[in-house]
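Peer 1: Below is one structure. I have some questions about it.
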There are 2 protein chains.
Amino acid sequence: MTSKNATSLSARWLTASELEAWRSFIVVSRRVWEALDGDLAGHDLSLSDYEILAHLSEAPDRMMRMSDLAAQAIMSRSRLSHRITVMEKAGWVKRQSCPTDKRGSFAVMTTKGWNAISAAAPDHVTSIRHRFMEHLTQSEQSSIEKIFKKVGEHLREQEGL
Amino acid sequence: MTSKNATSLSARWLTASELEAWRSFIVVSRRVWEALDGDLAGHDLSLSDYEILAHLSEAPDRMMRMSDLAAQAIMSRSRLSHRITVMEKAGWVKRQSCPTDKRGSFAVMTTKGWNAISAAAPDHVTSIRHRFMEHLTQSEQSSIEKIFKKVGEHLREQEGL
DNA sequence: TACAAGTAGTTGAATCTTCAACTTCTCGGT
DNA sequence: ACCGAGAAGTTGAAGATTCAACTACTTGTA
């Protein structure tokens with residue numbers, strides 16, 4: 001604790017190799033996001049709106065509680081609320097109040113919303129392949145899956161430090 | 001081309017395993033970004049502002065042409081321009097016009113800017129370790145480095161489709 | 001040299017996101 | 001039954017980002 005050791009865990013800099021791994025990860029994740037977002041623009045969707053609709057489309061009855069949807073789509077409740085307001089105007093979703101918890105409300109996908117995501121999905125899949133999957137060997141793909149699942153669990157445990 | 005084969009490259013859906021790999025990647029990259037961004041908030045910096053300053057701090061004379069900086073920090077020229085305006089008000093950078101190309105301008109880091117990033121850097125490194133590196137074995141780290149460097153090259157070649 | 005096309009950078013308006021209230025309701029304890 | 005703490009969701013304002021002009025300049029070419 002009181003050691004003068006310059007390599008104490010909390011303070012040491014990244015090695016060249018760590019820095020490379022980190023930077024290539026962060027750069028690729030931004031570029032992939034950007035590319036997919038751009039590819040979806042033709043369908044008048046951002047990637048994060050697509051994810052909202054995708055989660056909703058997979059939920060039972062195509063409806064979810066706002067908080068659950070926010071958690072799955074990885075955004076704040078506030079942000080989701082604003083976004084649902086916009087999508088509601090577009091006619092893709094509706095809000096419905098929850099009978100068992102009067103504070104609660106559901107986001108419910110409409111037929112029009114279902115049609116919108118159905119129209120975008122095939123292009124989006126092509127985009128995922130073209131921007132990412134296609135450049136991975138089978139074994140790289142399973143490394144990614146294994147590594148990121150693990151890191152994901154750690155991050156979930158850390159929730160806000 | 002005219003085949004009825006349902007698995008034609010452009011149209012086939014993702015396999016369960018592809019979907020897992022893809023989703024874990026996209027979820028982790030968002031969560032990592034979010035966590036690092038939150039960790040930097042104590043220094044009044046967003047992660048993307050940090051990256052602007054980091055690139056600037058590593059450049060010769062701590063100055064860069066706006067376009068080069070935008071490309072390295074992975075953002076539009078417009079966005080960078082707005083951000084530099086804000087940072088200029090904070091006293092972290094200055095603009096300087098380019099003598100050899102009269103259209104051009106440089107972003108130049110000030111001493112105050114250098115102090116700001118110097119103050120944030122150690123915490124940021126700890127944050128990178130804690131949110132990401134720490135959960136990777138040595139061999140996973142080199143896989144990440146190898147895979148993402150490769151994907152990064154492909155993405156660079158694709159630039160806008 | 002002169003022109004068309006393209007590059008560098010900025011700007012303002014429209015949109016989107018964050019942040020901190022704020023309301024309404026649930027739940028556990030007493 | 002009541003109280004206090006906390007959860008669900010929304011809101012408006014402030015701040016950030018995108019988008020499409022727009023100015024100013026450079027470059028290739030005829």
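We name chains A, B, ... following the order of the structure tokens; residues begin at 1 in each chain, and ligands are numbered from 1 as shown.
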Taking only residues of segment 58-78 of chain A that have an atom at most 12 Å from an atom of segment 5-22 of chain C, what is each one's shortest atom pair and its distance in Å to one decimal, using only C-alpha atoms (C1' of nucleotides), in chain and number order, as a tab-separated table?
Peer 2:
```
residue	atom	partner	partner_atom	distance
A:Met75	CA	C:DT17	C1'	10.2
A:Ser76	CA	C:DT18	C1'	9.1
A:Arg77	CA	C:DT18	C1'	11.1
A:Ser78	CA	C:DT18	C1'	8.5
```
Peer 1: Chain B: which residues are alpha helix (DSSP H) by DSSP, as JSON, numbers by chain?
Peer 2: {"B": [16, 17, 18, 19, 20, 21, 22, 23, 24, 25, 26, 27, 28, 29, 30, 31, 32, 33, 34, 35, 36, 37, 38, 39, 40, 47, 48, 49, 50, 51, 52, 53, 54, 55, 56, 57, 58, 66, 67, 68, 69, 70, 71, 72, 77, 78, 79, 80, 81, 82, 83, 84, 85, 86, 87, 88, 89, 90, 111, 112, 113, 114, 115, 116, 117, 118, 119, 120, 121, 122, 123, 124, 125, 126, 127, 128, 129, 130, 131, 138, 139, 140, 141, 142, 143, 144, 145, 146, 147, 148, 149, 150, 151, 152, 153, 154, 155, 156, 157, 158]}
Peer 1: Using only C-alpha atoms (C1' of nucleotides), determine which residues lie at most 10 Å from segment 92-101 of chain B, disregarding the query and same-chain residues fewer than 4 positions distant; provide the list as a ChimeraX atom specification.
Peer 2: /B:53,56,62-66,84-88,105-117 /C:8 /D:25-26
Peer 1: Would you write out those residues with N, CA and C atoms (P, O5', C5', C4', C3', O3' and C1' of nucleotides), as a compact mmCIF listing (two decimals), in the first residue's frame?
Peer 2:
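Result file is out.txt:
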```txt
# COMPACT_ATOMS: atom_id res chain seq x y z
N LEU B 53 -8.53 15.11 -27.13
CA LEU B 53 -7.35 15.61 -26.42
C LEU B 53 -6.19 14.63 -26.47
N LEU B 56 -4.48 14.83 -29.81
CA LEU B 56 -3.78 16.10 -29.88
C LEU B 56 -2.50 16.06 -29.05
N ARG B 62 1.83 19.13 -30.37
CA ARG B 62 0.46 19.09 -29.84
C ARG B 62 -0.51 19.91 -30.69
N MET B 63 -0.36 19.78 -31.99
CA MET B 63 -1.29 20.45 -32.90
C MET B 63 -1.60 19.57 -34.09
N MET B 64 -2.81 19.66 -34.58
CA MET B 64 -3.22 18.86 -35.73
C MET B 64 -4.20 19.63 -36.60
N ARG B 65 -4.19 19.30 -37.90
CA ARG B 65 -5.19 19.84 -38.79
C ARG B 65 -6.56 19.30 -38.40
N MET B 66 -7.57 20.12 -38.49
CA MET B 66 -8.91 19.73 -38.08
C MET B 66 -9.36 18.41 -38.73
N ILE B 84 -14.57 21.68 -30.74
CA ILE B 84 -13.39 22.52 -30.54
C ILE B 84 -13.82 23.91 -30.07
N THR B 85 -14.94 24.38 -30.58
CA THR B 85 -15.46 25.66 -30.13
C THR B 85 -15.70 25.64 -28.61
N VAL B 86 -16.28 24.55 -28.14
CA VAL B 86 -16.53 24.43 -26.70
C VAL B 86 -15.21 24.35 -25.92
N MET B 87 -14.30 23.53 -26.40
CA MET B 87 -13.02 23.36 -25.70
C MET B 87 -12.19 24.63 -25.73
N GLU B 88 -12.39 25.40 -26.76
CA GLU B 88 -11.69 26.67 -26.86
C GLU B 88 -12.17 27.60 -25.75
N SER B 105 -7.13 24.84 -40.92
CA SER B 105 -6.77 25.38 -39.61
C SER B 105 -6.32 24.26 -38.69
N PHE B 106 -5.53 24.64 -37.73
CA PHE B 106 -5.01 23.70 -36.75
C PHE B 106 -5.77 23.82 -35.45
N ALA B 107 -5.90 22.71 -34.76
CA ALA B 107 -6.28 22.74 -33.35
C ALA B 107 -4.99 22.57 -32.57
N VAL B 108 -4.74 23.47 -31.64
CA VAL B 108 -3.51 23.44 -30.86
C VAL B 108 -3.85 23.31 -29.39
N MET B 109 -3.24 22.33 -28.74
CA MET B 109 -3.49 22.14 -27.32
C MET B 109 -2.75 23.18 -26.48
N THR B 110 -3.42 23.75 -25.52
CA THR B 110 -2.78 24.71 -24.61
C THR B 110 -2.21 23.98 -23.40
N THR B 111 -1.45 24.70 -22.61
CA THR B 111 -0.93 24.13 -21.37
C THR B 111 -2.08 23.68 -20.47
N LYS B 112 -3.08 24.51 -20.43
CA LYS B 112 -4.24 24.16 -19.63
C LYS B 112 -4.89 22.86 -20.10
N GLY B 113 -4.95 22.68 -21.42
CA GLY B 113 -5.49 21.44 -21.97
C GLY B 113 -4.63 20.25 -21.60
N TRP B 114 -3.33 20.46 -21.69
CA TRP B 114 -2.38 19.41 -21.32
C TRP B 114 -2.56 19.03 -19.85
N ASN B 115 -2.72 20.02 -19.02
CA ASN B 115 -2.95 19.74 -17.60
C ASN B 115 -4.24 18.96 -17.38
N ALA B 116 -5.26 19.34 -18.14
CA ALA B 116 -6.55 18.66 -17.97
C ALA B 116 -6.44 17.18 -18.32
N ILE B 117 -5.81 16.89 -19.45
CA ILE B 117 -5.73 15.47 -19.82
C ILE B 117 -4.74 14.73 -18.93
P DA C 8 -9.20 17.86 -47.35
O5' DA C 8 -9.57 19.29 -46.76
C5' DA C 8 -8.63 20.34 -46.84
C4' DA C 8 -9.05 21.47 -45.92
C3' DA C 8 -9.51 21.01 -44.54
O3' DA C 8 -8.85 21.81 -43.56
C1' DA C 8 -11.20 22.34 -45.57
P DC D 25 -9.75 32.89 -48.99
O5' DC D 25 -9.06 31.60 -49.62
C5' DC D 25 -8.61 30.58 -48.73
C4' DC D 25 -8.51 29.30 -49.51
C3' DC D 25 -7.48 29.30 -50.62
O3' DC D 25 -6.35 28.56 -50.17
C1' DC D 25 -9.46 28.07 -51.15
P DT D 26 -5.04 28.41 -51.08
O5' DT D 26 -5.29 27.02 -51.81
C5' DT D 26 -5.46 25.84 -51.00
C4' DT D 26 -5.66 24.66 -51.91
C3' DT D 26 -4.56 24.45 -52.94
O3' DT D 26 -4.17 23.09 -52.84
C1' DT D 26 -6.70 24.46 -53.98
```
Peer 1: Give me, as number ranges by chain, the residues of chain B touching chain D, with the criterion being at most 8 Å (counting only C-alpha atoms (C1' of nucleotides)).
Peer 2: B: 79, 101-103
Peer 1: Mind dumping a table of every chain A residue within 7 Å of chain B, with the nearest atom pair and its distance in Å to one decimal, using only C-alpha atoms, sorted by chain and rising number, as a tab-separated table?
Peer 2:
```
residue	atom	partner	partner_atom	distance
A:Ser10	CA	B:Thr126	CA	5.7
A:Ala11	CA	B:Pro122	CA	6.1
A:Trp13	CA	B:Val125	CA	6.5
A:Glu20	CA	B:Glu145	CA	6.3
A:Ala21	CA	B:Glu145	CA	4.1
A:Ser24	CA	B:Phe148	CA	5.5
A:Phe25	CA	B:Phe148	CA	5.9
A:Val28	CA	B:Gly152	CA	5.6
A:Ser29	CA	B:Ser29	CA	6.2
A:Pro122	CA	B:Ala11	CA	6.2
A:Val125	CA	B:Trp13	CA	6.5
A:Thr126	CA	B:Ser10	CA	5.7
A:Arg131	CA	B:Leu155	CA	6.7
A:Phe132	CA	B:Val151	CA	7.0
A:His135	CA	B:Val151	CA	6.1
A:Gln141	CA	B:Ala21	CA	6.4
A:Ser142	CA	B:Ala21	CA	7.0
A:Ile144	CA	B:Ala21	CA	6.0
A:Glu145	CA	B:Ala21	CA	4.2
A:Phe148	CA	B:Ser24	CA	5.5
A:Lys149	CA	B:Ser24	CA	5.7
A:Val151	CA	B:His135	CA	6.1
A:Gly152	CA	B:Val28	CA	5.5
A:Leu155	CA	B:Arg131	CA	6.7
```
Peer 1: Would you output that residue set with C-alpha atoms, as an mmCIF file, in the first residue's frame?
Peer 2:
```
data_model
loop_
_atom_site.group_PDB
_atom_site.id
_atom_site.type_symbol
_atom_site.label_atom_id
_atom_site.label_comp_id
_atom_site.auth_asym_id
_atom_site.auth_seq_id
_atom_site.Cartn_x
_atom_site.Cartn_y
_atom_site.Cartn_z
ATOM 1 C CA SER A 10 -3.972 1.321 -9.951
ATOM 2 C CA ALA A 11 -1.365 3.570 -11.468
ATOM 3 C CA TRP A 13 0.257 2.708 -17.735
ATOM 4 C CA GLU A 20 -3.070 -1.960 -29.208
ATOM 5 C CA ALA A 21 -5.748 -4.373 -28.072
ATOM 6 C CA SER A 24 -8.328 -1.624 -31.981
ATOM 7 C CA PHE A 25 -11.360 -2.688 -29.987
ATOM 8 C CA VAL A 28 -13.689 -1.055 -34.478
ATOM 9 C CA SER A 29 -16.664 -0.835 -32.209
ATOM 10 C CA PRO A 122 -32.890 -8.360 -44.183
ATOM 11 C CA VAL A 125 -28.513 -8.732 -41.444
ATOM 12 C CA THR A 126 -26.601 -8.246 -44.658
ATOM 13 C CA ARG A 131 -19.360 -5.030 -41.705
ATOM 14 C CA PHE A 132 -18.385 -7.636 -39.161
ATOM 15 C CA HIS A 135 -14.257 -10.943 -41.629
ATOM 16 C CA GLN A 141 -16.236 -16.006 -34.121
ATOM 17 C CA SER A 142 -16.369 -18.390 -31.214
ATOM 18 C CA ILE A 144 -15.479 -13.340 -29.719
ATOM 19 C CA GLU A 145 -18.562 -15.002 -28.381
ATOM 20 C CA PHE A 148 -17.482 -10.931 -24.800
ATOM 21 C CA LYS A 149 -19.981 -13.037 -22.944
ATOM 22 C CA VAL A 151 -16.683 -9.510 -20.145
ATOM 23 C CA GLY A 152 -20.399 -8.768 -20.350
ATOM 24 C CA LEU A 155 -19.696 -5.495 -16.502
#
```
Peer 1: Let me make sure I understand: among A:Ala70, A:Ala41, A:Ala90, A:Leu80, which one has the smallest atom-to-atom distance to chain C if we use only C-alpha atoms (C1' of nucleotides)?
Peer 2: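 The shortest atom-to-atom distance to chain C comes from A:Leu80.
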Peer 1: May I ask for the distance between atom CA of Asp68 of chain B and atom CA of Ala54 of chain B, given in Å to one decimal place?
Peer 2: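 So the two atoms, atom CA of Asp68 of chain B and atom CA of Ala54 of chain B, lie 13.4 Å apart.
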Peer 1: Can you build me a table of chain C residues sitting at most 8 Å from chain A, with the closest atom pair per residue and its distance in Å to one decimal, using only C-alpha atoms (C1' of nucleotides), sorted by chain and residue number, as a tab-separated table?
Peer 2:
```
residue	atom	partner	partner_atom	distance
C:DT17	C1'	A:Arg79	CA	6.7
C:DT24	C1'	A:Arg103	CA	6.3
C:DC25	C1'	A:Arg103	CA	5.3
C:DT26	C1'	A:Asp101	CA	7.9
```
Peer 1: If I take atom CA of Ser67 of chain B and atom CA of Ser81 of chain B, how far is one from the other in Å, to one decimal?
Peer 2: 9.5 Å
Peer 1: Please, what distance in Å, to one decimal, runs between atom CA of His43 of chain A and atom CA of Ala120 of chain A?
Peer 2: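 Going from atom CA of His43 of chain A over to atom CA of Ala120 of chain A, I get 6.1 Å.
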Peer 1: Give the strand (DSSP E or B) residues of segment 51-152 of chain B, as assigned by DSSP on the backbone, as a list in words.
Peer 2: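 So, restricting segment 51-152 of chain B to strand (DSSP E or B), we get Met63, Met64, Arg65, Val93, Lys94, Arg95, Gln96, Ser97, Ser105, Phe106, Ala107, Val108 and Met109 of chain B.
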